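Working notes, beginning with the structure itself.
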Amino acid sequence: MKSFWLPALLPLLFLRTEATAQHVYEIDAAVPEVNIYSHHLKLGGSSAAGSSITVNNYYISVDGKPMVPVTGEFHFTRYPRMYWEESIEKMKAGGINVIATYVFWNLHEEKEGVFAWEGDKDLRYFMELCKKHNIYAIVRVGPFCHGEIRSGGLPDWLLGSPLNIRSDDSLYLSYVERLYNQIGMQLQGLYYKNDGPVIGIQIENEYQHSAAPWGLTYPGQPMDMTAAERDLSVTQEGVGISDVKNSHAGSGNGHMKKLKLLAIKAGMDVPLYTATGWGNAAIIPNESLPVTAAYAYPFWTPKRDYSPFFLYKNMHRKPDYAPVRYHPEDYPAFAAELGSGIMSVYTRRPIAVHQSMDAMINRCLGSGANGIGYYMYHGGSTPRGERSFMSDEAYGLPKISYDFQAPIGEYGQVREGFHRLKLLHFFLRDFGHKLAPMTTALPANAANLRPDNITDLRYAVRIKENSGFLFLNNFQDDTAMQHQKQIQVRIKTHTGEVRIPETGGFDLPEGENAIFPFGMEMEGGIPLNYATAQLLAQCGDAALPRYVFFTPEGVKAEFSFAGNVKVSGLYGSTAVRTAKRTLVNCTDTVSVFTVATGGRKVEVLVVTKQLALKAYTVTLQQKRYLFFSDAVILQGPAGFRLLNNSNPVFDLAVYPRINTVPQVTNGSIAVTKSITPFAAYRIALPYWSFPVHARKVSEKKRVVQLPDSLPAQVNDVLLKVDYTGDTGMGFVNGELVADEFYKGLPWETGLRKFVAAGAREMVLYFRPMQPNATYLLDLQPYPQYIPAFGNAKSYLTVNGITLVPQYATRIKF
């Protein structure tokens, strides 16, 4: 690697110091590189086309190139089959490259010996869609799943069978083998070795750590957990730390190995086998990837508390929810269940702040994680069984809703967290190969920081040789961090020091996070000393590579280039050159400049975070572009589809600029005036409205008329109910089809699936809130969500009911 000029600094004190208006922080990143080895792992595989997946103790590689997988959980059985393809396109648009999904045993074999794989339970068709859209899949085959499904996915008839569940009981294993054979038939020909999407199989779930209560229970009865009797003493509710001595740990690992052999026997031969490894759960030593979790807003704890998941650490040495049953440094740090949202139970209704989502990913990546995954990334609705509701009623979950406050909601709503997270996903796709081999370095005070410390800066470095990334986080759940002002970070490397920034400082507002590169060699050998801007994506082509950065809130972008580089084409920026470096400062909301050396050049685009949140990476005319729009932009084999809520008129900007005027299938499109680097268009679709007819039957009940059909330009209609109460239920033809636990947010129900099925009205039934409701503790940070009861013994008000259309069109260039 080329050695970059790094400015001389004052001697390191390895303490926080203050100089005039600056707050100077220092970190020793001259650390030994991680020892990478793979001889012990029986993982990896090849496709029929000659591609390969390999695994070492630190990261995964695809065709020899390091990769940071981004996995999103989406339960196909909790979503209508007719909309699966759209959802896969949304997940890809958000930067997800692996879909994880559960196969809930009781949904497929509710009646003993009778399997159902049709309609919304068609696992094979879902995997075929993953293949069509070139996205990997990890199939979580159980037999126990949890997933807030009835009995954790175990069929009721198992409770009445003469066997001991989740054990080596021969009858139990024979039923598991039958289940695995069924799943194997569904996945036949769709494995990675067949050039299919299935790269991974998860065996069991939280084995010897957690369980769900049996659905067959009585009100007030203590929970009867779905665990082997020998394991009940080490079984807990939900994800957490477990330091209980387990005398059956060896048998537990052995049971996991038996399940893996049954899976392989059923045809499930894949490069990756995963196991939930947190909290002393069982794994298959050297044959499975033990994945970790982090839930900032758990519903299974008795109260709100500060989580440790926004403090940097070395996750490769000490995983979250440690102690664990394995030697962490023998495996990559894969965070597979990051709580991008959370469910509500009747007694606890945590509100998942979407600002927490990208903050947690920043922290995990800065702490050495080389794989990230979300539970849930896409919400859904739990289907009703023939004999019972299939949600975890014993835990007090909604009977239908499994929205999870996820980045993509129960009815496909794209939320704030989706946009925040995609900024990191695009970065990992284009620069993850640089990040994955990098070692974590922490400041001296990292080990002593506590979640309730809201004043000290939280930061870390990932580094290899003298190149790396500075991670900063100023978010903590259930409190507000102090605004950090005039920060300068001094990083010691093996060959010198680098200041970010060179002089002065930058601010990091409360709730914000950032990742800044340093010592980075850009295409063509262009040496970037540092940037106070975050990498978003790379686009363009070999002739002119383009790097896209964004500025986190409160930060002004500054770029320092080493050596003899030439900066030109300055737009919204200025440049100052000395003998040792060229400094570029961005002065506008959009800045562009070109950097050249040795006959090679790159273009740099810098936008605000506000604009970056509207970005999508696409392939157009065999080149990478960025689209910017308020609309959600989906790219599939048939081209581009744009979805926009509420407003039929919206804009689209394209970078790099193109000279094409595209066509739309609905409405019209016109070229609009734009700032220099973009081509800009305005799309106008025919306006649609449907008057709200909400008839009041009683204080608790309303009847809402539904449209007969939806026009071509309307993809869906959200029924939005603003109410204050306890719970809401939605009925169609007398059947419960939707429900909601009040937590201050509007209740949204997507209507398209009901309209398509011929429904003409929905009955809404509300129950009033009680002043002693236990979940009010979750609403305390939001006093506007808690009504003034006065002398009333309960409270219910329905403030308004609206219908919000989602407009749609296809665009062709």
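By convention here, the chains of the structure tokens are called A, B, ... in the order presented, each chain's residues are numbered starting at 1, and ligands are numbered starting at 1 in the order presented.
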
Next on the checklist: Taking 4 positions as the minimum chain separation for residues in the same chain, which residues sit within 7 Å of Ile633 (chain A) when counting only C-alpha atoms? Answer as a list in words.
Outcome noted: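 Final neighbour list, sorted by chain and number: Ala93, Tyr616, Phe640, Arg641, Leu642 and Leu643 of chain A.
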
Counting only C-alpha atoms, which residues in region 331-389 of chain A sit no more than 8 Å from region 446-466 of chain A? For each one, give the nearest pair of atoms and the distance in Å, sorted by chain then residue number, as CSV.
residue,atom,partner,partner_atom,distance
A:Gly366,CA,A:Ala460,CA,5.9
A:Ser367,CA,A:Ala460,CA,7.3
A:Gly368,CA,A:Arg462,CA,7.3

Since we have the selection now, will you write its residues out, keeping N, CA, C and O atoms, as a PDB file, in the first residue's frame?
ATOM      1  N   GLY A 366     -18.340  -0.564  13.858  1.00  0.00           N
ATOM      2  CA  GLY A 366     -17.173  -0.019  14.519  1.00  0.00           C
ATOM      3  C   GLY A 366     -16.584  -0.954  15.556  1.00  0.00           C
ATOM      4  O   GLY A 366     -15.413  -0.848  15.905  1.00  0.00           O
ATOM      5  N   SER A 367     -17.402  -1.895  16.041  1.00  0.00           N
ATOM      6  CA  SER A 367     -16.965  -2.859  17.051  1.00  0.00           C
ATOM      7  C   SER A 367     -16.449  -4.153  16.454  1.00  0.00           C
ATOM      8  O   SER A 367     -16.168  -5.099  17.194  1.00  0.00           O
ATOM      9  N   GLY A 368     -16.361  -4.216  15.122  1.00  0.00           N
ATOM     10  CA  GLY A 368     -15.758  -5.384  14.480  1.00  0.00           C
ATOM     11  C   GLY A 368     -16.720  -6.356  13.848  1.00  0.00           C
ATOM     12  O   GLY A 368     -16.300  -7.404  13.345  1.00  0.00           O
TER      13      GLY A 368
END

Identify all residues of region 344-442 of chain A in alpha helix (DSSP H) (DSSP on the backbone) and supply them as a PDB file with C-alpha atoms, in the first residue's frame.
ATOM      1  CA  GLN A 355     -32.987   6.881  14.848  1.00  0.00           C
ATOM      2  CA  SER A 356     -31.616   3.992  16.925  1.00  0.00           C
ATOM      3  CA  MET A 357     -31.360   1.683  13.929  1.00  0.00           C
ATOM      4  CA  ASP A 358     -28.473   3.206  11.998  1.00  0.00           C
ATOM      5  CA  ALA A 359     -26.816   4.171  15.300  1.00  0.00           C
ATOM      6  CA  MET A 360     -26.770   0.502  16.330  1.00  0.00           C
ATOM      7  CA  ILE A 361     -25.344  -0.622  12.973  1.00  0.00           C
ATOM      8  CA  ASN A 362     -22.665   2.060  13.166  1.00  0.00           C
ATOM      9  CA  ARG A 363     -21.743   0.741  16.622  1.00  0.00           C
ATOM     10  CA  CYS A 364     -21.680  -2.892  15.499  1.00  0.00           C
ATOM     11  CA  LEU A 365     -19.502  -2.183  12.466  1.00  0.00           C
ATOM     12  CA  GLY A 366     -17.173  -0.019  14.519  1.00  0.00           C
ATOM     13  CA  GLU A 416     -37.701   6.195   8.419  1.00  0.00           C
ATOM     14  CA  GLY A 417     -35.507   3.286   9.520  1.00  0.00           C
ATOM     15  CA  PHE A 418     -35.481   1.894   5.968  1.00  0.00           C
ATOM     16  CA  HIS A 419     -33.957   5.105   4.662  1.00  0.00           C
ATOM     17  CA  ARG A 420     -31.474   5.463   7.511  1.00  0.00           C
ATOM     18  CA  LEU A 421     -30.227   1.905   7.195  1.00  0.00           C
ATOM     19  CA  LYS A 422     -29.816   1.904   3.423  1.00  0.00           C
ATOM     20  CA  LEU A 423     -27.086   4.556   3.751  1.00  0.00           C
ATOM     21  CA  LEU A 424     -24.985   1.980   5.586  1.00  0.00           C
ATOM     22  CA  HIS A 425     -26.028  -0.892   3.322  1.00  0.00           C
ATOM     23  CA  PHE A 426     -24.892   0.933   0.189  1.00  0.00           C
ATOM     24  CA  PHE A 427     -21.581   1.670   1.910  1.00  0.00           C
ATOM     25  CA  LEU A 428     -21.107  -1.996   2.835  1.00  0.00           C
ATOM     26  CA  ARG A 429     -21.929  -3.188  -0.663  1.00  0.00           C
ATOM     27  CA  ASP A 430     -19.323  -0.946  -2.300  1.00  0.00           C
ATOM     28  CA  PHE A 431     -16.700  -0.722   0.447  1.00  0.00           C
ATOM     29  CA  GLY A 432     -17.337  -3.726   2.675  1.00  0.00           C
ATOM     30  CA  HIS A 433     -14.401  -5.566   1.114  1.00  0.00           C
ATOM     31  CA  LYS A 434     -12.160  -2.828   2.509  1.00  0.00           C
ATOM     32  CA  LEU A 435     -13.808  -2.824   5.938  1.00  0.00           C
TER      33      LEU A 435
END

List as a tab-separated table every residue of region 459-522 of chain A that is in contact with region 28-36 of chain A, defined as an atom at most 6 Å from one of its atoms (using only C-alpha atoms), together with the nearest atom pair and the distance in Å rounded to one decimal, sorted by chain and then rising number.
residue	atom	partner	partner_atom	distance
A:Lys492	CA	A:Asp28	CA	4.9
A:Thr493	CA	A:Ala30	CA	4.5
A:His494	CA	A:Ala30	CA	4.8

Next on the checklist: So that I can check the surroundings of Val649 (chain A), please list as an MDAnalysis selection string every protein, DNA and RNA residue that reaches within 10 Å of it, counting only C-alpha atoms and ignoring chain neighbours fewer than 4 positions away.
Outcome noted: chainID A and resid 631 644 667:669 682:687 807

Checklist entry - Which of these, A:Ser388, A:Asn57, A:Thr292, A:Ser381, has the shortest distance to Phe76 (chain A) once you count only C-alpha atoms? => result A:Ser381

Checklist entry - Where does DSSP see strand (DSSP E) in region 116-364 of chain A, if you list the residues as a PyMOL selection string? => result chain A and resi 136-140+198-202+272-276+289-294+334-338

Keeping only N, CA and C atoms, write the selected residues as a CSV table (one decimal), in the first residue's frame.
chain,number,residue,atom,x,y,z
A,136,TYR,N,-29.6,-13.6,-2.0
A,136,TYR,CA,-29.3,-14.8,-1.3
A,136,TYR,C,-30.4,-15.1,-0.2
A,137,ALA,N,-30.5,-16.3,0.3
A,137,ALA,CA,-31.5,-16.6,1.3
A,137,ALA,C,-30.9,-17.5,2.4
A,138,ILE,N,-31.3,-17.3,3.6
A,138,ILE,CA,-31.0,-18.2,4.7
A,138,ILE,C,-32.3,-18.7,5.2
A,139,VAL,N,-32.5,-20.0,5.2
A,139,VAL,CA,-33.8,-20.6,5.6
A,139,VAL,C,-33.6,-21.1,7.1
A,140,ARG,N,-34.5,-20.7,8.0
A,140,ARG,CA,-34.4,-21.0,9.4
A,140,ARG,C,-35.4,-22.2,9.6
A,198,VAL,N,-30.2,-20.3,-2.0
A,198,VAL,CA,-30.1,-20.7,-0.6
A,198,VAL,C,-28.7,-21.0,-0.2
A,199,ILE,N,-28.1,-20.0,0.5
A,199,ILE,CA,-26.7,-20.2,0.9
A,199,ILE,C,-26.6,-20.7,2.4
A,200,GLY,N,-27.7,-20.6,3.1
A,200,GLY,CA,-27.5,-20.9,4.5
A,200,GLY,C,-28.8,-21.6,5.1
A,201,ILE,N,-28.6,-22.4,6.1
A,201,ILE,CA,-29.6,-23.1,6.9
A,201,ILE,C,-29.4,-22.8,8.4
A,202,GLN,N,-30.4,-22.2,9.1
A,202,GLN,CA,-30.2,-22.1,10.5
A,202,GLN,C,-30.8,-23.4,11.2
A,272,LEU,N,-23.3,-22.4,4.4
A,272,LEU,CA,-23.3,-21.8,5.7
A,272,LEU,C,-24.4,-22.5,6.6
A,273,TYR,N,-24.0,-22.9,7.7
A,273,TYR,CA,-25.0,-23.3,8.7
A,273,TYR,C,-24.9,-22.3,9.9
A,274,THR,N,-26.0,-21.8,10.4
A,274,THR,CA,-25.9,-20.8,11.4
A,274,THR,C,-26.6,-21.3,12.7
A,275,ALA,N,-26.3,-20.8,13.8
A,275,ALA,CA,-26.9,-21.1,15.1
A,275,ALA,C,-26.9,-19.9,15.9
A,276,THR,N,-28.0,-19.7,16.6
A,276,THR,CA,-28.1,-18.5,17.5
A,276,THR,C,-27.2,-18.8,18.7
A,289,LEU,N,-22.0,-21.1,12.1
A,289,LEU,CA,-21.6,-19.7,12.5
A,289,LEU,C,-22.5,-19.3,13.7
A,290,PRO,N,-21.9,-19.0,14.8
A,290,PRO,CA,-22.7,-18.6,16.0
A,290,PRO,C,-23.0,-17.1,15.8
A,291,VAL,N,-24.3,-16.8,15.6
A,291,VAL,CA,-24.6,-15.4,15.3
A,291,VAL,C,-25.1,-14.7,16.6
A,292,THR,N,-25.0,-13.4,16.7
A,292,THR,CA,-25.3,-12.6,17.9
A,292,THR,C,-26.5,-11.8,17.7
A,293,ALA,N,-27.0,-11.2,18.7
A,293,ALA,CA,-28.2,-10.4,18.7
A,293,ALA,C,-28.0,-9.1,19.5
A,294,ALA,N,-28.9,-8.1,19.3
A,294,ALA,CA,-28.9,-6.9,20.1
A,294,ALA,C,-30.3,-6.3,20.0
A,334,PHE,N,-20.9,-12.0,13.7
A,334,PHE,CA,-22.1,-11.8,12.8
A,334,PHE,C,-23.3,-11.5,13.7
A,335,ALA,N,-23.7,-10.2,13.6
A,335,ALA,CA,-24.9,-9.8,14.4
A,335,ALA,C,-26.2,-10.1,13.5
A,336,ALA,N,-26.9,-11.2,13.8
A,336,ALA,CA,-27.9,-11.6,12.9
A,336,ALA,C,-29.3,-11.2,13.4
A,337,GLU,N,-29.5,-10.8,14.6
A,337,GLU,CA,-30.8,-10.3,15.1
A,337,GLU,C,-30.6,-9.0,15.8
A,338,LEU,N,-30.4,-7.9,15.0
A,338,LEU,CA,-30.4,-6.6,15.5
A,338,LEU,C,-31.8,-6.0,15.5

Next on the checklist: Which residues are close to Ala579 (chain A), i.e. within 10 Å by only C-alpha atoms, leaving aside same-chain residues fewer than 5 positions away? Reply as a list of chain:residue names.
Outcome noted: A:Ala562, A:Gly563, A:Asn564

Could those residues be written to a file, using N, CA, C and O atoms, as a PDB file, in the first residue's frame?
ATOM      1  N   ALA A 562      -3.491  13.696  -0.424  1.00  0.00           N
ATOM      2  CA  ALA A 562      -2.035  13.739  -0.299  1.00  0.00           C
ATOM      3  C   ALA A 562      -1.377  13.836  -1.670  1.00  0.00           C
ATOM      4  O   ALA A 562      -1.972  13.493  -2.696  1.00  0.00           O
ATOM      5  N   GLY A 563      -0.132  14.313  -1.659  1.00  0.00           N
ATOM      6  CA  GLY A 563       0.690  14.250  -2.860  1.00  0.00           C
ATOM      7  C   GLY A 563       0.295  15.234  -3.939  1.00  0.00           C
ATOM      8  O   GLY A 563      -0.418  16.212  -3.715  1.00  0.00           O
ATOM      9  N   ASN A 564       0.729  14.912  -5.143  1.00  0.00           N
ATOM     10  CA  ASN A 564       0.577  15.813  -6.280  1.00  0.00           C
ATOM     11  C   ASN A 564      -0.717  15.505  -7.021  1.00  0.00           C
ATOM     12  O   ASN A 564      -0.728  14.846  -8.060  1.00  0.00           O
TER      13      ASN A 564
END

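The space separating CA of Lys601 (chain A) from CA of Glu502 (chain A) comes to 23.9 Å.
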
Checklist entry - To one decimal place, how far is CA of Leu544 (chain A) from CA of Val604 (chain A) in Å? => result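 CA of Val604 (chain A) lies at a distance of 10.3 Å from CA of Leu544 (chain A).
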
Give me, as a compact mmCIF listing (two decimals) with N, CA and C atoms, in the first residue's frame, all polymer residues having an atom no more than 9 Å from Met223 (chain A), counting only C-alpha atoms and skipping those fewer than 3 positions away in the same chain.
# COMPACT_ATOMS: atom_id res chain seq x y z
N ALA A 212 -40.48 -20.55 24.09
CA ALA A 212 -41.77 -19.87 24.10
C ALA A 212 -42.73 -20.66 24.98
N PRO A 213 -43.77 -20.03 25.47
CA PRO A 213 -44.77 -20.78 26.22
C PRO A 213 -45.65 -21.60 25.28
N TRP A 214 -46.08 -22.76 25.73
CA TRP A 214 -47.05 -23.52 24.96
C TRP A 214 -48.33 -22.70 24.79
N THR A 217 -52.72 -23.21 27.17
CA THR A 217 -52.49 -22.76 28.54
C THR A 217 -53.78 -22.16 29.08
N GLY A 220 -53.62 -16.82 33.69
CA GLY A 220 -53.08 -16.77 35.03
C GLY A 220 -52.13 -17.89 35.37
N ALA A 394 -50.18 -16.64 24.43
CA ALA A 394 -49.80 -16.84 25.83
C ALA A 394 -48.91 -15.71 26.33
N TYR A 395 -48.11 -15.13 25.44
CA TYR A 395 -47.27 -13.99 25.80
C TYR A 395 -48.03 -12.67 25.72

Checklist entry - Which polymer residues have any atom within 10 Å of an atom of Thr77 (chain A), counting only C-alpha atoms, with same-chain residues fewer than 6 positions away left out, as a list in words? => result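 Residues meeting the cut-off are Trp84, Thr101, Tyr102, Val103, Phe104, Leu107, His108, Trp117, Gly119, Asp120, Lys121, Asp122, Leu123, Phe126, Gly380, Ser381, Thr382 and Pro383 of chain A.
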
Generate the output file for the selected residues, N, CA, C and O atoms, as an mmCIF file, in the first residue's frame.
data_model
loop_
_atom_site.group_PDB
_atom_site.id
_atom_site.type_symbol
_atom_site.label_atom_id
_atom_site.label_comp_id
_atom_site.auth_asym_id
_atom_site.auth_seq_id
_atom_site.Cartn_x
_atom_site.Cartn_y
_atom_site.Cartn_z
ATOM 1 N N TRP A 84 -45.283 -10.753 -2.568
ATOM 2 C CA TRP A 84 -43.915 -11.158 -2.212
ATOM 3 C C TRP A 84 -42.872 -10.490 -3.105
ATOM 4 O O TRP A 84 -41.840 -10.014 -2.635
ATOM 5 N N THR A 101 -35.637 -16.227 6.533
ATOM 6 C CA THR A 101 -37.056 -16.497 6.764
ATOM 7 C C THR A 101 -37.222 -17.768 7.568
ATOM 8 O O THR A 101 -36.448 -18.722 7.416
ATOM 9 N N TYR A 102 -38.200 -17.775 8.434
ATOM 10 C CA TYR A 102 -38.538 -18.949 9.225
ATOM 11 C C TYR A 102 -39.459 -19.877 8.443
ATOM 12 O O TYR A 102 -40.311 -19.423 7.667
ATOM 13 N N VAL A 103 -39.312 -21.176 8.682
ATOM 14 C CA VAL A 103 -40.301 -22.171 8.266
ATOM 15 C C VAL A 103 -40.980 -22.637 9.553
ATOM 16 O O VAL A 103 -40.431 -23.450 10.298
ATOM 17 N N PHE A 104 -42.150 -22.064 9.846
ATOM 18 C CA PHE A 104 -42.853 -22.381 11.080
ATOM 19 C C PHE A 104 -43.552 -23.734 10.931
ATOM 20 O O PHE A 104 -44.490 -23.884 10.140
ATOM 21 N N LEU A 107 -47.389 -23.961 11.095
ATOM 22 C CA LEU A 107 -48.132 -23.404 9.962
ATOM 23 C C LEU A 107 -48.183 -24.387 8.798
ATOM 24 O O LEU A 107 -49.116 -24.341 7.986
ATOM 25 N N HIS A 108 -47.193 -25.262 8.717
ATOM 26 C CA HIS A 108 -47.128 -26.204 7.598
ATOM 27 C C HIS A 108 -47.636 -27.599 7.958
ATOM 28 O O HIS A 108 -47.963 -28.377 7.059
ATOM 29 N N TRP A 117 -48.140 -26.533 1.723
ATOM 30 C CA TRP A 117 -47.096 -25.723 1.096
ATOM 31 C C TRP A 117 -47.658 -24.847 -0.033
ATOM 32 O O TRP A 117 -46.912 -24.343 -0.867
ATOM 33 N N GLY A 119 -50.251 -21.601 -1.647
ATOM 34 C CA GLY A 119 -50.662 -20.232 -1.357
ATOM 35 C C GLY A 119 -49.592 -19.444 -0.636
ATOM 36 O O GLY A 119 -48.422 -19.402 -1.034
ATOM 37 N N ASP A 120 -49.959 -18.809 0.476
ATOM 38 C CA ASP A 120 -49.030 -17.997 1.244
ATOM 39 C C ASP A 120 -48.013 -18.838 2.006
ATOM 40 O O ASP A 120 -47.131 -18.286 2.674
ATOM 41 N N LYS A 121 -48.115 -20.158 1.905
ATOM 42 C CA LYS A 121 -47.171 -21.062 2.579
ATOM 43 C C LYS A 121 -46.202 -21.707 1.588
ATOM 44 O O LYS A 121 -45.493 -22.650 1.939
ATOM 45 N N ASP A 122 -46.155 -21.177 0.366
ATOM 46 C CA ASP A 122 -45.381 -21.783 -0.706
ATOM 47 C C ASP A 122 -43.909 -21.385 -0.609
ATOM 48 O O ASP A 122 -43.447 -20.425 -1.242
ATOM 49 N N LEU A 123 -43.167 -22.111 0.192
ATOM 50 C CA LEU A 123 -41.748 -21.839 0.403
ATOM 51 C C LEU A 123 -40.982 -21.896 -0.913
ATOM 52 O O LEU A 123 -40.107 -21.052 -1.167
ATOM 53 N N PHE A 126 -41.417 -18.778 -3.021
ATOM 54 C CA PHE A 126 -40.711 -17.645 -2.421
ATOM 55 C C PHE A 126 -39.223 -17.718 -2.745
ATOM 56 O O PHE A 126 -38.593 -16.708 -3.100
ATOM 57 N N GLY A 380 -45.273 -8.164 9.104
ATOM 58 C CA GLY A 380 -46.310 -8.954 8.446
ATOM 59 C C GLY A 380 -47.483 -9.191 9.380
ATOM 60 O O GLY A 380 -47.587 -8.589 10.460
ATOM 61 N N SER A 381 -48.371 -10.075 8.961
ATOM 62 C CA SER A 381 -49.563 -10.430 9.726
ATOM 63 C C SER A 381 -49.554 -11.938 9.944
ATOM 64 O O SER A 381 -49.424 -12.704 8.984
ATOM 65 N N THR A 382 -49.699 -12.367 11.190
ATOM 66 C CA THR A 382 -49.685 -13.797 11.482
ATOM 67 C C THR A 382 -50.971 -14.441 10.993
ATOM 68 O O THR A 382 -52.062 -14.004 11.386
ATOM 69 N N PRO A 383 -50.877 -15.464 10.141
ATOM 70 C CA PRO A 383 -52.095 -16.080 9.604
ATOM 71 C C PRO A 383 -52.826 -16.870 10.683
ATOM 72 O O PRO A 383 -52.218 -17.374 11.627
#

Item to check | CA of Thr724 (chain A) to CA of Val763 (chain A), distance in Å rounded to a single decimal | outcome: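 CA of Thr724 (chain A) sits 17.4 Å away from CA of Val763 (chain A).
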
Item to check | region 799-806 of chain A surroundings by only C-alpha atoms, 6 Å radius, close-in-sequence under 2 positions cut, as a PyMOL selection string | outcome: chain A and resi 644-646+714-723

Checklist entry - Restricting the calculation to only C-alpha atoms, which member of A:Leu796, A:Val565, A:Cys539, A:Ala266 is positioned closest to Gln622 (chain A)? => result A:Cys539

Item to check | Best match for closeness to Leu611 (chain A) among A:Pro552, A:Gly505, A:Gly519, A:Gly412, counting only C-alpha atoms | outcome: A:Pro552

Checklist entry - So which one's closest to Glu740 (chain A), A:Gln610, A:Thr503, A:Thr660, A:Ser401? Using only C-alpha atoms, please. => result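 The shortest atom-to-atom distance to Glu740 (chain A) comes from A:Ser401.
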
Item to check | Residue with smallest distance to Tyr191 (chain A) - pool A:Asp778, A:Glu287, A:Asp269, A:Asp224, counting only C-alpha atoms | outcome: A:Asp269

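Minimum atom-to-atom distance to His378 (chain A), evaluated using only C-alpha atoms, belongs to A:Ile88 out of A:Ile88, A:Ala792, A:Leu262, A:Ile241.
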